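S.K.: The file below is input.cif, mmCIF, C-alpha atoms:
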data_final
loop_
_atom_site.label_atom_id
_atom_site.label_comp_id
_atom_site.auth_asym_id
_atom_site.auth_seq_id
_atom_site.Cartn_x
_atom_site.Cartn_y
_atom_site.Cartn_z
CA MET A 1 161.31 77.99 190.64
CA PRO A 2 158.27 79.89 189.29
CA LEU A 3 156.72 82.48 191.58
CA THR A 4 153.45 81.64 193.28
CA PRO A 5 150.60 83.62 191.66
CA LEU A 6 149.43 86.54 193.77
CA PRO A 7 145.76 86.93 194.79
CA ILE A 8 143.57 88.87 192.35
CA PRO A 9 143.72 92.56 193.36
CA ARG A 10 140.58 94.52 194.27
CA ARG A 11 141.17 97.44 191.90
CA PHE A 12 137.48 98.17 191.26
CA GLN A 13 136.12 98.00 194.78
CA GLY A 14 132.72 99.71 194.85
CA ARG A 15 132.85 100.76 191.19
CA SER A 16 130.66 99.98 188.20
CA VAL A 17 131.94 98.54 184.94
CA VAL A 18 130.21 98.03 181.58
CA VAL A 19 131.67 95.61 179.04
CA THR A 20 130.32 95.48 175.50
CA GLY A 21 130.17 92.12 173.78
CA ALA A 22 130.35 90.32 177.12
CA GLY A 23 128.28 87.32 176.11
CA THR A 24 131.25 85.36 174.79
CA GLY A 25 135.03 85.26 174.51
CA PHE A 26 137.26 88.06 175.73
CA GLY A 27 134.37 90.30 176.76
CA ALA A 28 132.95 87.65 179.06
CA GLU A 29 136.30 87.20 180.80
CA ILE A 30 136.75 90.96 181.26
CA ALA A 31 133.30 91.22 182.84
CA VAL A 32 134.00 88.34 185.23
CA ARG A 33 137.45 89.71 186.11
CA ALA A 34 135.93 93.11 186.94
CA ALA A 35 133.58 91.35 189.36
CA GLN A 36 136.47 89.39 190.87
CA GLU A 37 138.28 92.67 191.39
CA GLY A 38 135.49 94.08 193.54
CA ALA A 39 133.19 95.88 191.12
CA ARG A 40 129.82 96.46 192.76
CA ALA A 41 127.95 96.15 189.45
CA VAL A 42 128.90 94.89 185.99
CA GLY A 43 126.94 95.72 182.87
CA VAL A 44 126.97 92.70 180.54
CA HIS A 45 126.18 93.93 177.05
CA TYR A 46 125.17 91.68 174.16
CA ARG A 47 123.50 91.97 170.77
CA SER A 48 122.51 88.42 169.85
CA SER A 49 124.31 86.17 172.37
CA LYS A 50 121.59 86.32 175.02
CA ALA A 51 122.32 82.84 176.38
CA GLY A 52 126.02 83.66 176.61
CA ALA A 53 125.28 86.97 178.33
CA GLU A 54 123.09 85.22 180.87
CA ALA A 55 125.89 82.73 181.55
CA THR A 56 128.36 85.61 182.00
CA ALA A 57 125.91 87.35 184.31
CA GLU A 58 125.72 84.25 186.49
CA ARG A 59 129.52 84.11 186.72
CA VAL A 60 129.56 87.82 187.62
CA ARG A 61 127.04 87.18 190.37
CA GLU A 62 129.07 84.27 191.72
CA ALA A 63 132.12 86.56 191.83
CA GLY A 64 130.24 88.96 194.09
CA ALA A 65 128.99 91.72 191.78
CA GLU A 66 125.51 92.64 190.62
CA PRO A 67 125.11 91.76 186.92
CA VAL A 68 123.02 94.04 184.73
CA LEU A 69 122.10 92.69 181.29
CA LEU A 70 122.19 95.31 178.55
CA THR A 71 121.34 94.86 174.89
CA ALA A 72 121.89 96.98 171.78
CA ASP A 73 123.23 96.83 168.25
CA ILE A 74 126.11 99.29 168.51
CA VAL A 75 126.01 100.01 164.77
CA GLU A 76 122.79 101.95 165.41
CA TRP A 77 123.69 105.22 167.15
CA ALA A 78 120.20 105.65 168.62
CA GLN A 79 120.47 102.22 170.24
CA VAL A 80 123.85 103.16 171.73
CA ALA A 81 122.39 106.35 173.20
CA ALA A 82 119.59 104.30 174.75
CA LEU A 83 122.13 101.73 175.97
CA ALA A 84 124.19 104.40 177.72
CA GLU A 85 121.13 105.96 179.33
CA ASP A 86 119.95 102.54 180.51
CA ALA A 87 123.38 101.63 181.88
CA PHE A 88 123.82 104.88 183.83
CA THR A 89 120.34 104.54 185.31
CA ARG A 90 120.44 100.86 186.23
CA LEU A 91 124.06 100.81 187.46
CA GLY A 92 123.78 104.11 189.31
CA GLY A 93 126.44 105.66 187.09
CA VAL A 94 129.20 104.06 185.05
CA ASP A 95 132.79 104.36 186.24
CA VAL A 96 134.37 102.20 183.52
CA LEU A 97 133.43 101.27 179.97
CA VAL A 98 135.29 98.54 178.08
CA ASN A 99 134.51 98.65 174.35
CA ASN A 100 135.17 95.04 173.46
CA VAL A 101 132.78 94.57 170.53
CA GLY A 102 134.58 94.22 167.22
CA ASP A 103 134.50 92.25 163.97
CA VAL A 104 137.72 90.68 162.70
CA ALA A 105 136.28 89.18 159.49
CA ARG A 106 137.21 85.83 160.96
CA THR A 107 135.85 83.67 158.16
CA GLN A 108 137.83 85.49 155.47
CA MET A 109 141.06 83.63 154.75
CA SER A 110 142.54 85.91 152.05
CA TRP A 111 142.40 89.50 150.83
CA ARG A 112 141.15 88.00 147.55
CA ASP A 113 137.90 87.09 149.28
CA ILE A 114 137.10 90.61 150.49
CA THR A 115 133.64 91.98 149.70
CA GLU A 116 132.15 95.44 149.87
CA GLU A 117 129.60 94.10 152.34
CA SER A 118 132.37 92.88 154.65
CA ILE A 119 134.22 96.20 154.45
CA ASP A 120 131.06 98.11 155.31
CA HIS A 121 130.22 95.80 158.21
CA VAL A 122 133.69 95.72 159.81
CA LEU A 123 134.12 99.49 159.58
CA ALA A 124 130.60 100.06 160.89
CA VAL A 125 131.15 97.85 163.95
CA ASP A 126 134.78 98.60 164.76
CA ILE A 127 134.82 102.35 164.05
CA LYS A 128 131.29 103.76 163.97
CA GLY A 129 129.97 101.49 166.71
CA THR A 130 132.91 102.05 169.03
CA MET A 131 132.84 105.79 168.39
CA ALA A 132 129.16 105.86 169.28
CA CYS A 133 129.91 104.08 172.57
CA ILE A 134 132.82 106.40 173.40
CA HIS A 135 130.69 109.42 172.56
CA GLU A 136 127.51 108.49 174.42
CA PHE A 137 129.10 106.98 177.52
CA GLY A 138 131.88 109.57 177.56
CA ARG A 139 129.63 112.59 177.57
CA ARG A 140 127.67 111.14 180.47
CA MET A 141 130.92 110.42 182.31
CA LEU A 142 131.84 114.08 181.82
CA ASP A 143 128.54 115.06 183.40
CA GLN A 144 129.15 112.79 186.41
CA GLY A 145 132.69 114.15 186.77
CA HIS A 146 134.84 111.06 186.17
CA GLY A 147 135.28 107.91 184.14
CA ALA A 148 137.63 105.67 182.19
CA ILE A 149 137.13 104.08 178.77
CA VAL A 150 139.17 101.18 177.43
CA ASN A 151 138.87 100.36 173.73
CA ILE A 152 139.99 96.89 172.68
CA GLY A 153 142.27 97.36 169.69
CA SER A 154 144.82 95.05 168.14
CA THR A 155 148.50 94.79 167.33
CA VAL A 156 147.37 94.25 163.73
CA ILE A 157 148.01 97.97 163.23
CA VAL A 158 151.75 97.24 163.56
CA ARG A 159 151.93 94.60 160.86
CA GLY A 160 148.73 94.99 158.83
CA SER A 161 146.66 92.03 157.71
CA ALA A 162 147.08 90.41 154.31
CA ARG A 163 144.17 88.19 155.29
CA ALA A 164 141.69 90.94 156.21
CA PRO A 165 142.79 94.49 155.27
CA GLN A 166 139.44 95.91 156.38
CA TYR A 167 140.14 94.73 159.94
CA ALA A 168 143.55 96.40 160.07
CA ALA A 169 142.06 99.59 158.64
CA ALA A 170 139.32 99.56 161.26
CA LYS A 171 141.75 99.17 164.14
CA TYR A 172 143.87 102.05 162.81
CA GLY A 173 140.68 104.12 162.80
CA LEU A 174 139.93 103.10 166.36
CA LEU A 175 143.33 104.41 167.47
CA GLY A 176 142.55 107.78 165.89
CA ALA A 177 139.15 107.92 167.56
CA THR A 178 140.72 107.06 170.91
CA LYS A 179 143.30 109.83 170.73
CA SER A 180 140.70 112.35 169.58
CA TYR A 181 138.24 111.64 172.37
CA ALA A 182 141.03 111.36 174.95
CA HIS A 183 142.01 114.92 174.11
CA ALA A 184 138.41 116.12 174.05
CA PHE A 185 137.49 114.51 177.39
CA ALA A 186 140.69 115.33 179.31
CA PRO A 187 141.24 115.67 182.19
CA THR A 188 137.90 114.30 183.43
CA VAL A 189 137.58 111.07 181.42
CA ARG A 190 140.51 108.94 180.28
CA VAL A 191 140.36 107.01 176.99
CA ASN A 192 142.95 104.37 176.05
CA VAL A 193 143.48 101.39 173.75
CA PHE A 194 144.43 97.92 174.92
CA ALA A 195 146.04 96.02 172.05
CA PRO A 196 146.29 92.26 172.46
CA GLY A 197 147.90 89.99 169.93
CA PHE A 198 146.28 86.67 169.11
CA ILE A 199 143.96 85.22 171.77
CA GLU A 200 142.71 81.64 171.76
CA THR A 201 139.00 82.27 172.01
CA GLU A 202 136.59 79.58 170.85
CA ALA A 203 136.04 81.57 167.67
CA THR A 204 139.77 81.73 166.93
CA LEU A 205 140.25 78.04 167.62
CA GLY A 206 137.48 77.32 165.13
CA ARG A 207 139.14 79.21 162.27
CA ALA A 208 140.13 77.05 159.30
CA ASP A 209 143.68 78.43 159.18
CA TRP A 210 144.11 77.88 162.92
CA LYS A 211 143.11 74.25 162.58
CA SER A 212 145.53 73.74 159.69
CA GLY A 213 148.63 74.89 161.55
CA ARG A 214 148.43 78.67 161.88
CA GLY A 215 148.21 78.43 165.67
CA ASP A 216 151.32 76.26 165.91
CA GLN A 217 153.20 78.64 163.62
CA LEU A 218 152.31 81.66 165.74
CA ARG A 219 153.29 79.95 168.97
CA GLU A 220 156.70 79.20 167.47
CA LEU A 221 157.14 82.83 166.40
CA THR A 222 156.03 84.29 169.75
CA PRO A 223 158.91 84.82 172.20
CA MET A 224 156.68 83.91 175.15
CA GLY A 225 155.99 80.59 173.41
CA ARG A 226 152.22 80.51 173.74
CA ILE A 227 148.97 82.12 172.66
CA PRO A 228 146.98 83.12 175.76
CA VAL A 229 143.40 82.29 176.59
CA PRO A 230 141.08 85.29 177.24
CA ALA A 231 141.23 85.08 181.04
CA GLU A 232 145.00 85.66 181.02
CA LEU A 233 144.62 89.09 179.42
CA ALA A 234 141.42 90.30 181.10
CA GLY A 235 143.25 91.88 184.03
CA THR A 236 145.77 93.49 181.68
CA ALA A 237 142.99 95.16 179.70
CA LEU A 238 141.35 96.43 182.88
CA PHE A 239 144.63 97.94 184.12
CA LEU A 240 144.01 100.95 181.87
CA ALA A 241 140.85 101.74 183.86
CA THR A 242 142.53 101.53 187.28
CA ASP A 243 143.95 104.28 189.47
CA ASP A 244 147.44 102.95 188.67
CA ALA A 245 146.87 104.22 185.11
CA SER A 246 145.55 107.61 186.25
CA HIS A 247 148.09 109.55 184.15
CA MET A 248 147.48 107.54 180.98
CA THR A 249 145.13 108.81 178.29
CA GLY A 250 145.25 108.49 174.52
CA GLY A 251 147.64 105.57 175.08
CA TYR A 252 148.18 102.24 173.34
CA LEU A 253 149.10 99.30 175.58
CA VAL A 254 150.40 96.14 173.88
CA ALA A 255 150.23 92.58 175.22
CA ASP A 256 151.25 90.16 172.47
CA GLY A 257 153.91 87.93 174.05
CA GLY A 258 156.59 89.84 172.16
CA TYR A 259 155.33 88.77 168.73
CA ASN A 260 155.69 92.18 167.11
CA MET A 261 159.25 92.77 168.26
CA VAL A 262 160.52 89.86 166.14
CA GLY A 263 162.16 91.36 163.08
CA ALA A 264 165.35 91.55 161.10
#
Show this structure as structure tokens.

M.R.:
Amino acid sequence: MPLTPLPIPRRFQGRSVVVTGAGTGFGAEIAVRAAQEGARAVGVHYRSSKAGAEATAERVREAGAEPVLLTADIVEWAQVAALAEDAFTRLGGVDVLVNNVGDVARTQMSWRDITEESIDHVLAVDIKGTMACIHEFGRRMLDQGHGAIVNIGSTVIVRGSARAPQYAAAKYGLLGATKSYAHAFAPTVRVNVFAPGFIETEATLGRADWKSGRGDQLRELTPMGRIPVPAELAGTALFLATDDASHMTGGYLVADGGYNMVGA
């Protein structure tokens, strides 16, 4: 018989957590999970999804934490610096940052459709934007004497992406940035990558290839037999910011249902 699920742990009791891109999808679920795990305050960042961020904030409040709405375009370094300053002031310090914002070039169905504009945008968001967040939040965490940063990566770096090479390149770059800052910030601030496989967000479910059978194909190829919804992986991502991961930095944690171990 299956085991009865355990209660949600309180791993962030009294701590503050900021999640970028928390207006929708995976970011929203991470923000809510942090609140469920006892965070005293959760920074809900958004760029354009104000309505979604407000909905996430309400869920955070219902889970017992104080929501703090934060807005910035992370591609603009000056906006990130202002975002970090605002977050540290309004949350009374930031214990955890989850860099969830990223662009996967979701509408591109083939490498043949790649454009210079798309390359520039994906690299700007996934590498420059995330680096700016690591840099600006990280240096303030160093000043306060502690902190943990979790960058949301992808298992695409294992297999590449014939559909969107710019996305795979960006996530490789993110891994390099993570290791570099982890070394620079040690031992005061830990920096790690959480690498999920496919997640059935609303955006993924709306993809043309997903609707035409890609989802069914991936479920068949995944040893665990399913593609998870965002809430299932939110706690896994946050593990890297907990005390149980206190000796992990510059690491790369995979949660893909075993998809990438299927080979010859």

S.K.: Can you list what the PyMOL selection byres ((chain A and resi 3-17) around 7) grabs from this structure, as a PDB file with C-alpha atoms, in the frame of the given file?

M.R.:
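And here's expr_8.pdb as it stands now:
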ATOM      1  CA  MET A   1     161.310  77.990 190.640  1.00  0.00           C
ATOM      2  CA  PRO A   2     158.270  79.890 189.290  1.00  0.00           C
ATOM      3  CA  VAL A  18     130.210  98.030 181.580  1.00  0.00           C
ATOM      4  CA  VAL A  19     131.670  95.610 179.040  1.00  0.00           C
ATOM      5  CA  ALA A  34     135.930  93.110 186.940  1.00  0.00           C
ATOM      6  CA  GLU A  37     138.280  92.670 191.390  1.00  0.00           C
ATOM      7  CA  GLY A  38     135.490  94.080 193.540  1.00  0.00           C
ATOM      8  CA  ALA A  39     133.190  95.880 191.120  1.00  0.00           C
ATOM      9  CA  ARG A  40     129.820  96.460 192.760  1.00  0.00           C
ATOM     10  CA  ALA A  41     127.950  96.150 189.450  1.00  0.00           C
ATOM     11  CA  VAL A  42     128.900  94.890 185.990  1.00  0.00           C
ATOM     12  CA  GLY A  43     126.940  95.720 182.870  1.00  0.00           C
ATOM     13  CA  LEU A  91     124.060 100.810 187.460  1.00  0.00           C
ATOM     14  CA  VAL A  94     129.200 104.060 185.050  1.00  0.00           C
ATOM     15  CA  ASP A  95     132.790 104.360 186.240  1.00  0.00           C
ATOM     16  CA  VAL A  96     134.370 102.200 183.520  1.00  0.00           C
ATOM     17  CA  LEU A  97     133.430 101.270 179.970  1.00  0.00           C
ATOM     18  CA  THR A 242     142.530 101.530 187.280  1.00  0.00           C
TER      19      THR A 242
END

S.K.: Choose the residue, out of A:Gly147, A:Pro230, A:Gly93, A:Gly213, that has the smallest atom-to-atom separation from Thr24 of chain A; count only C-alpha atoms.

M.R.: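 Among A:Gly147, A:Pro230, A:Gly93, A:Gly213, it is A:Pro230 that comes nearest to Thr24 of chain A.
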
S.K.: So what does the PyMOL selection byres ((chain A and resi 255) around 8) actually pick up in this one, as a PyMOL selection string?

M.R.: chain A and resi 194-197+233+236+253-254+256-258

S.K.: What gap, in Å, lies between atom CA of Ser154 of chain A and atom CA of Asp243 of chain A?

M.R.: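 That distance, rounded to one decimal, is 23.3 Å.
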
S.K.: At a cut-off of 12 Å, using only C-alpha atoms, what residues contact Arg112 of chain A? Leave out same-chain residues fewer than 6 positions from it and give the result as a list in words.

M.R.: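 Selected residues are Ala162, Arg163, Ala164, Pro165 and Gln166 of chain A.
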
S.K.: Can you work out which one of A:Ala105, A:Ala87, A:Ile119, A:Ala177 has the shortest atom-to-atom distance to Thr204 of chain A, counting only C-alpha atoms?

M.R.: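 Once distances to Thr204 of chain A are computed over only C-alpha atoms, the minimum belongs to A:Ala105.
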
S.K.: Work out how far apart atom CA of Asn192 of chain A and atom CA of Gly92 of chain A are and give it in Å to one decimal.

M.R.: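 Distance reported for this atom pair: 23.3 Å.
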
S.K.: For this structure, which residues satisfy the selection - the PyMOL selection byres ((chain A and resi 178) around 12) - when it is evaluated on the file as given? I want them as number ranges by chain.

M.R.: A: 99, 127, 130-135, 138, 148-153, 171-177, 179-186, 189-194, 249-252

S.K.: Go ahead and write the residues just picked, C-alpha atoms, as a PDB file, in the coordinates of the input.

M.R.:
ATOM      1  CA  ASN A  99     134.510  98.650 174.350  1.00  0.00           C
ATOM      2  CA  ILE A 127     134.820 102.350 164.050  1.00  0.00           C
ATOM      3  CA  THR A 130     132.910 102.050 169.030  1.00  0.00           C
ATOM      4  CA  MET A 131     132.840 105.790 168.390  1.00  0.00           C
ATOM      5  CA  ALA A 132     129.160 105.860 169.280  1.00  0.00           C
ATOM      6  CA  CYS A 133     129.910 104.080 172.570  1.00  0.00           C
ATOM      7  CA  ILE A 134     132.820 106.400 173.400  1.00  0.00           C
ATOM      8  CA  HIS A 135     130.690 109.420 172.560  1.00  0.00           C
ATOM      9  CA  GLY A 138     131.880 109.570 177.560  1.00  0.00           C
ATOM     10  CA  ALA A 148     137.630 105.670 182.190  1.00  0.00           C
ATOM     11  CA  ILE A 149     137.130 104.080 178.770  1.00  0.00           C
ATOM     12  CA  VAL A 150     139.170 101.180 177.430  1.00  0.00           C
ATOM     13  CA  ASN A 151     138.870 100.360 173.730  1.00  0.00           C
ATOM     14  CA  ILE A 152     139.990  96.890 172.680  1.00  0.00           C
ATOM     15  CA  GLY A 153     142.270  97.360 169.690  1.00  0.00           C
ATOM     16  CA  LYS A 171     141.750  99.170 164.140  1.00  0.00           C
ATOM     17  CA  TYR A 172     143.870 102.050 162.810  1.00  0.00           C
ATOM     18  CA  GLY A 173     140.680 104.120 162.800  1.00  0.00           C
ATOM     19  CA  LEU A 174     139.930 103.100 166.360  1.00  0.00           C
ATOM     20  CA  LEU A 175     143.330 104.410 167.470  1.00  0.00           C
ATOM     21  CA  GLY A 176     142.550 107.780 165.890  1.00  0.00           C
ATOM     22  CA  ALA A 177     139.150 107.920 167.560  1.00  0.00           C
ATOM     23  CA  LYS A 179     143.300 109.830 170.730  1.00  0.00           C
ATOM     24  CA  SER A 180     140.700 112.350 169.580  1.00  0.00           C
ATOM     25  CA  TYR A 181     138.240 111.640 172.370  1.00  0.00           C
ATOM     26  CA  ALA A 182     141.030 111.360 174.950  1.00  0.00           C
ATOM     27  CA  HIS A 183     142.010 114.920 174.110  1.00  0.00           C
ATOM     28  CA  ALA A 184     138.410 116.120 174.050  1.00  0.00           C
ATOM     29  CA  PHE A 185     137.490 114.510 177.390  1.00  0.00           C
ATOM     30  CA  ALA A 186     140.690 115.330 179.310  1.00  0.00           C
ATOM     31  CA  VAL A 189     137.580 111.070 181.420  1.00  0.00           C
ATOM     32  CA  ARG A 190     140.510 108.940 180.280  1.00  0.00           C
ATOM     33  CA  VAL A 191     140.360 107.010 176.990  1.00  0.00           C
ATOM     34  CA  ASN A 192     142.950 104.370 176.050  1.00  0.00           C
ATOM     35  CA  VAL A 193     143.480 101.390 173.750  1.00  0.00           C
ATOM     36  CA  PHE A 194     144.430  97.920 174.920  1.00  0.00           C
ATOM     37  CA  THR A 249     145.130 108.810 178.290  1.00  0.00           C
ATOM     38  CA  GLY A 250     145.250 108.490 174.520  1.00  0.00           C
ATOM     39  CA  GLY A 251     147.640 105.570 175.080  1.00  0.00           C
ATOM     40  CA  TYR A 252     148.180 102.240 173.340  1.00  0.00           C
TER      41      TYR A 252
END

S.K.: Pick from A:Thr20, A:Thr188, A:Ser49, A:Asp244: nearest to Leu142 of chain A, with all atoms listed in the file counted?

M.R.: A:Thr188

S.K.: Could you tell me how far atom CA of Glu200 of chain A sits from atom CA of Val229 of chain A, in Å to one decimal place?

M.R.: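 Atom-to-atom, atom CA of Val229 of chain A and atom CA of Glu200 of chain A are spaced 4.9 Å apart.
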